[in-house]
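The structure under discussion appears below in the form of structure tokens.
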Amino acid sequence: MASRYDRAITVFSPDGHLFQVGIRGTNIVVLGVEKKSVAKLQDERTVRKICALDDHVCMAFAGLTADARVVITRARVECQSHKLTVEDPVTVEYITRFIASLKQKYTQSNGRRPFGISALIVGFDDDGIPRLYQTDPSGTYHAWKANAIGRSAKTVREFLEKNYTEDAIANDSEAIKLAIRALLEVVQSGGKNIDLAIMRRNQPLKMFSAKEIELQVIAIEKEKEEAEKKKPKKTL
Amino acid sequence: MAATFFGEVVKAPCRAGTEDEEEEAEGRTETPEDREVRRQLARKREVRLFRRQTKTSLEVSLLEKYSCSKFIIAVGNNAVAFLSSFVMNSGVWEEVGCAKLWNEWCRTTDTAHLSPAEAFCVFYHLKSNPSVFLCQCSCYVAEDQQYQWLEKVFGSCPKKNMQVTILTCRHVTDYKTSESTSSLHSPFLKALKTQNSKEPPCCSLLEQPNIVHDLPAAVLSYCQVWKIPAILYLCYTDVMKLDLITAEAFKPVLSSRSLKGLVKNIPQSTEILKKLVMTNEIQSNIYT
């Protein structure tokens, strides 16, 4: 069967395990990931899924940690090399294409295996336009307005399709809430298993602390309750 | 002849037999030592059925000793976790025997408290209805041991009035289909049944050219030959370790004729399953 060949590319199923969501707002880009539960004695800080590639680009990945480390290092070096050579920071599309080409090379080389990671790359170009791209182990990449990878990604994508409106994303805090709401659809233990990062135009990557995420979750739950209360009144 | 990665040429093994076979056969006469090694290896790979409480082995096959109307077999950790949470927690099950076997992939454990991470093969029957049997098999049964397992469990002349249900998992990359991979939403269930099985399956049948492997295939083939109604529910999943979503994918089976009446409290069972998966989550740092 023809489809057997593309099956091997996804045999790691890096998107099968943990969940990620990316949202491109008007003035903000948001990356949300499902945190991996760590052993009690393990230092949580060593398990980072969201990392900066440059001041204006960052990436969230799911899959083989060691593979991700290699790809991230190569991408970071490329960002600086590009800056030194052409005196301009990379565009988000350029670095995504670099990562995707790297991944593709490994699917077609003798004695090598593909990188077992799926990534969401976000950032702002020099012209101030926000971007969101997704790559997968086969080396393909696509631009998205909002996307989710991982188990139940289909359900979350449907949720995003319904709730991604121009009004929602024009407002920074609404875009953040949308990302958290999307994650809460699938992450089983709620706010404490979520990691969130945002990037605003000309500003560096900002990682949300556990407390900040908890506050957002509480606000979202309050809004949900209020929306539920309003419903029966309308039918009266 | 085949070329290896390093460029050397090696003689590829040929099952069709070579011209030099006669000469080779002369050089291959068995010494008493060879026979002894072969005997010891065969003894090591024997499948033994015994009662853990009394440590006595079963003289006759399990289903010859007891009469059986329903036999549910779970092969693999996800199927075992599902039956454990949904069926075994809904009734009082008594252990009637366990299979002890050794092969290169696993050695069954003897411990009293079995965790999903260990390899075991235990048989139970329902105290309130002793003709209902259950087998939790989380060890790999090698090809040469499958026939022994079947003989020790079913016997050489099995009765046809029992209904056999088998639950197992397989990785989705083994599933052959002309559909594109993106339209496959794993985990999903497929069924395969013997000719005598009149029970309507609770999911679609496994399409050709897909095949079933290992112990579930051996049991199904055995049932087909002996005209025993049997049905296999195969869950194709993308996560082969113990996983909540995969184990829950077996839920449609609860409405089947074989499992109906054996499951009491589904929400409580779901909670038990969640707990089982959480406590046995092996922390692997290979994935982030």
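Identifiers in the structure tokens: chain A, B, ... in order shown; residue index from 1 per chain; ligand index from 1 in order shown.
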How close does each residue of chain B get to chain A, giving the shortest atom pair and distance in Å to one decimal for every residue with an atom at most 12 Å away, counting only C-alpha atoms, sorted by chain and residue number, as a tab-separated table?
```
residue	atom	partner	partner_atom	distance
B:Thr4	CA	A:Gly111	CA	11.8
B:Phe5	CA	A:Gly111	CA	8.5
B:Phe6	CA	A:Gly111	CA	10.9
B:His171	CA	A:Val11	CA	9.3
B:Val172	CA	A:Val11	CA	8.9
B:Thr173	CA	A:Arg7	CA	6.1
B:Asp174	CA	A:Arg4	CA	8.8
B:Tyr175	CA	A:Arg4	CA	8.8
B:Lys176	CA	A:Met1	CA	6.9
B:Thr177	CA	A:Met1	CA	6.8
B:Ser178	CA	A:Met1	CA	6.2
B:Glu179	CA	A:Ser3	CA	7.3
B:Ser180	CA	A:Ser3	CA	6.2
B:Thr181	CA	A:Arg7	CA	6.9
B:Ser182	CA	A:Arg7	CA	9.9
B:Ser183	CA	A:Lys154	CA	10.4
B:Leu184	CA	A:Arg7	CA	11.1
B:His185	CA	A:Ser152	CA	8.9
B:Ser186	CA	A:Arg151	CA	9.0
B:Pro187	CA	A:Arg151	CA	10.0
B:Gln208	CA	A:Met1	CA	11.4
B:Pro209	CA	A:Met1	CA	9.6
B:Asn210	CA	A:Met1	CA	11.2
B:Thr237	CA	A:Gly16	CA	9.8
B:Asp238	CA	A:Ser13	CA	6.7
B:Val239	CA	A:Gly16	CA	7.3
B:Met240	CA	A:Ser13	CA	10.8
B:Lys241	CA	A:His17	CA	11.1
B:Asp243	CA	A:His17	CA	9.9
B:Leu244	CA	A:Gln188	CA	11.1
B:Ile245	CA	A:Arg151	CA	9.3
B:Thr246	CA	A:Arg151	CA	11.3
B:Lys274	CA	A:Gln188	CA	10.7
B:Met278	CA	A:Ser37	CA	10.4
B:Thr279	CA	A:Ala39	CA	11.8
B:Glu281	CA	A:Ser37	CA	9.6
B:Ile282	CA	A:Ala39	CA	9.3
B:Gln283	CA	A:Ala39	CA	6.5
B:Ser284	CA	A:Val38	CA	9.0
B:Asn285	CA	A:Thr65	CA	7.6
B:Ile286	CA	A:Leu64	CA	5.7
B:Tyr287	CA	A:Leu64	CA	4.5
B:Thr288	CA	A:Thr65	CA	5.4
```
Using only C-alpha atoms, which residues sit within 10 Å of range 200-203 of chain B once same-chain residues fewer than 2 positions away are excluded, as a VMD selection string? chain B and resid 188 to 193 197 to 198 205 to 206 231 to 234 251 to 257
May I have the residues from that selection written out with C-alpha atoms, as a compact mmCIF listing (two decimals), in the first residue's frame?
```
# COMPACT_ATOMS: atom_id res chain seq x y z
CA PHE B 188 -9.39 2.66 17.12
CA LEU B 189 -10.89 -0.83 17.43
CA LYS B 190 -11.13 -3.55 14.84
CA ALA B 191 -12.71 -6.99 15.23
CA LEU B 192 -11.95 -10.42 13.82
CA LYS B 193 -14.09 -13.46 14.56
CA SER B 197 -19.18 -16.68 16.25
CA LYS B 198 -22.71 -15.33 15.89
CA LEU B 205 -14.17 -5.86 11.09
CA LEU B 206 -10.46 -5.95 10.38
CA ILE B 231 -14.05 -12.84 18.65
CA LEU B 232 -10.93 -10.71 18.83
CA TYR B 233 -11.03 -6.98 19.52
CA LEU B 234 -7.81 -5.38 18.32
CA LYS B 251 -15.00 0.74 26.11
CA PRO B 252 -17.30 -0.20 23.16
CA VAL B 253 -16.59 -3.85 24.03
CA LEU B 254 -18.54 -3.37 27.28
CA SER B 255 -21.76 -3.44 25.26
CA SER B 256 -20.90 -6.79 23.65
CA ARG B 257 -22.78 -9.94 24.61
```
If you count only C-alpha atoms, which residues fall within 12 Å of His82 in chain A, apart from same-chain ones fewer than 4 positions away, as a list in words?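 Surrounding residues, per the criterion: Asp54, Ala75, Arg76, Val77, Glu78, Val86, Glu87, Asp88, Pro89, Val90, Thr91, Tyr94, Ile95 and Phe98 of chain A.
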Output file for the residues above (N, CA, C and O atoms, as a compact mmCIF listing (two decimals), in the first residue's frame):
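Dumped to selection39.txt:
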```
# COMPACT_ATOMS: atom_id res chain seq x y z
N ASP A 54 16.02 33.16 18.92
CA ASP A 54 16.66 34.47 18.80
C ASP A 54 15.79 35.42 19.61
O ASP A 54 14.79 35.00 20.21
N ALA A 75 19.63 25.72 14.96
CA ALA A 75 18.81 26.86 14.57
C ALA A 75 19.36 28.14 15.20
O ALA A 75 19.41 29.20 14.54
N ARG A 76 19.78 28.06 16.46
CA ARG A 76 20.32 29.24 17.13
C ARG A 76 21.58 29.73 16.44
O ARG A 76 21.77 30.93 16.24
N VAL A 77 22.45 28.81 16.09
CA VAL A 77 23.68 29.18 15.40
C VAL A 77 23.36 29.82 14.06
O VAL A 77 23.95 30.84 13.68
N GLU A 78 22.39 29.26 13.37
CA GLU A 78 21.99 29.80 12.07
C GLU A 78 21.44 31.22 12.19
O GLU A 78 21.72 32.08 11.34
N VAL A 86 24.28 38.87 6.80
CA VAL A 86 23.49 39.85 6.04
C VAL A 86 23.07 41.05 6.89
O VAL A 86 22.34 41.91 6.42
N GLU A 87 23.50 41.07 8.16
CA GLU A 87 23.22 42.18 9.08
C GLU A 87 21.75 42.40 9.35
O GLU A 87 21.32 43.49 9.67
N ASP A 88 20.97 41.35 9.16
CA ASP A 88 19.53 41.43 9.44
C ASP A 88 19.12 40.21 10.25
O ASP A 88 19.64 39.12 10.00
N PRO A 89 18.20 40.35 11.18
CA PRO A 89 17.75 39.14 11.89
C PRO A 89 16.97 38.24 10.93
O PRO A 89 16.41 38.73 9.95
N VAL A 90 16.92 36.95 11.23
CA VAL A 90 16.19 36.02 10.35
C VAL A 90 14.71 36.33 10.38
O VAL A 90 14.19 36.82 11.38
N THR A 91 14.03 36.05 9.30
CA THR A 91 12.57 36.10 9.33
C THR A 91 12.12 34.76 9.91
O THR A 91 12.86 33.78 9.85
N TYR A 94 12.23 32.10 7.36
CA TYR A 94 13.58 31.64 6.99
C TYR A 94 14.06 30.57 7.95
O TYR A 94 14.54 29.52 7.53
N ILE A 95 13.92 30.86 9.24
CA ILE A 95 14.45 29.89 10.21
C ILE A 95 13.60 28.62 10.24
O ILE A 95 14.11 27.51 10.43
N PHE A 98 14.78 26.64 7.41
CA PHE A 98 16.08 26.05 7.73
C PHE A 98 15.88 24.77 8.55
O PHE A 98 16.47 23.73 8.25
```
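Look at Glu104 in chain B: the protein and nucleic acid residues within 12 Å of it, using only C-alpha atoms and passing over chain neighbours fewer than 3 places away, are Leu41, Lys44, Arg45, Leu101, Arg107, Thr108, Cys139, Tyr140, Val141, Ala142, Glu143, Asp144 and Gln145 of chain B.
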Report the distance between CA of Glu95 in chain B and CA of Leu259 in chain B in Å, rounded to one decimal place. 18.8 Å
Enumerate the residues of range 65-186 of chain A with a DSSP assignment of alpha helix (DSSP H), computed from the backbone, and present them as a ChimeraX atom specification. /A:65-86,92-107,153-163,166-170,172-186
Contacts of Leu102 in chain A at 12 Å (only C-alpha atoms; same-chain gap of 3+ positions) as a list in words: Asp67, Val70, Val71, Ile72, Arg74, Ala75, Glu78, Ile95, Thr96, Arg97, Phe98, Ile99, Lys105, Tyr106, Thr107, Gln108, Ser109, Arg113, Pro114, Phe115, Thr135, Asp136, Pro137, Ser138, Gly139, Thr140 and Tyr141 of chain A
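The coordinates place CA of Gln163 in chain B at 10.2 Å from CA of Phe133 in chain B.
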Go through B:Ser258, B:Gln224, B:Ser156, B:Thr165 and flag the residue nearest Val60 in chain B, using only C-alpha atoms for the distances.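 Among the listed residues, the smallest separation from Val60 in chain B belongs to B:Ser156.
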Neighbour list for range 118-125 of chain B as number ranges by chain, cut-off 8 Å, only C-alpha atoms, skip fewer than 2 positions in-chain: B: 93-100, 106-110, 114-116, 127, 129-140
Find the spatial neighbours of Thr165 in chain A, counting only C-alpha atoms, within a cut-off of 12 Å - ignore same-chain residues fewer than 2 positions away - and output them as a VMD selection string. chain A and resid 23 to 26 145 to 146 159 to 163 167 to 171 174 to 175 178
Could you tell me how far CA of Leu53 in chain A lies from CA of Phe19 in chain A, in Å and to one decimal? 20.5 Å
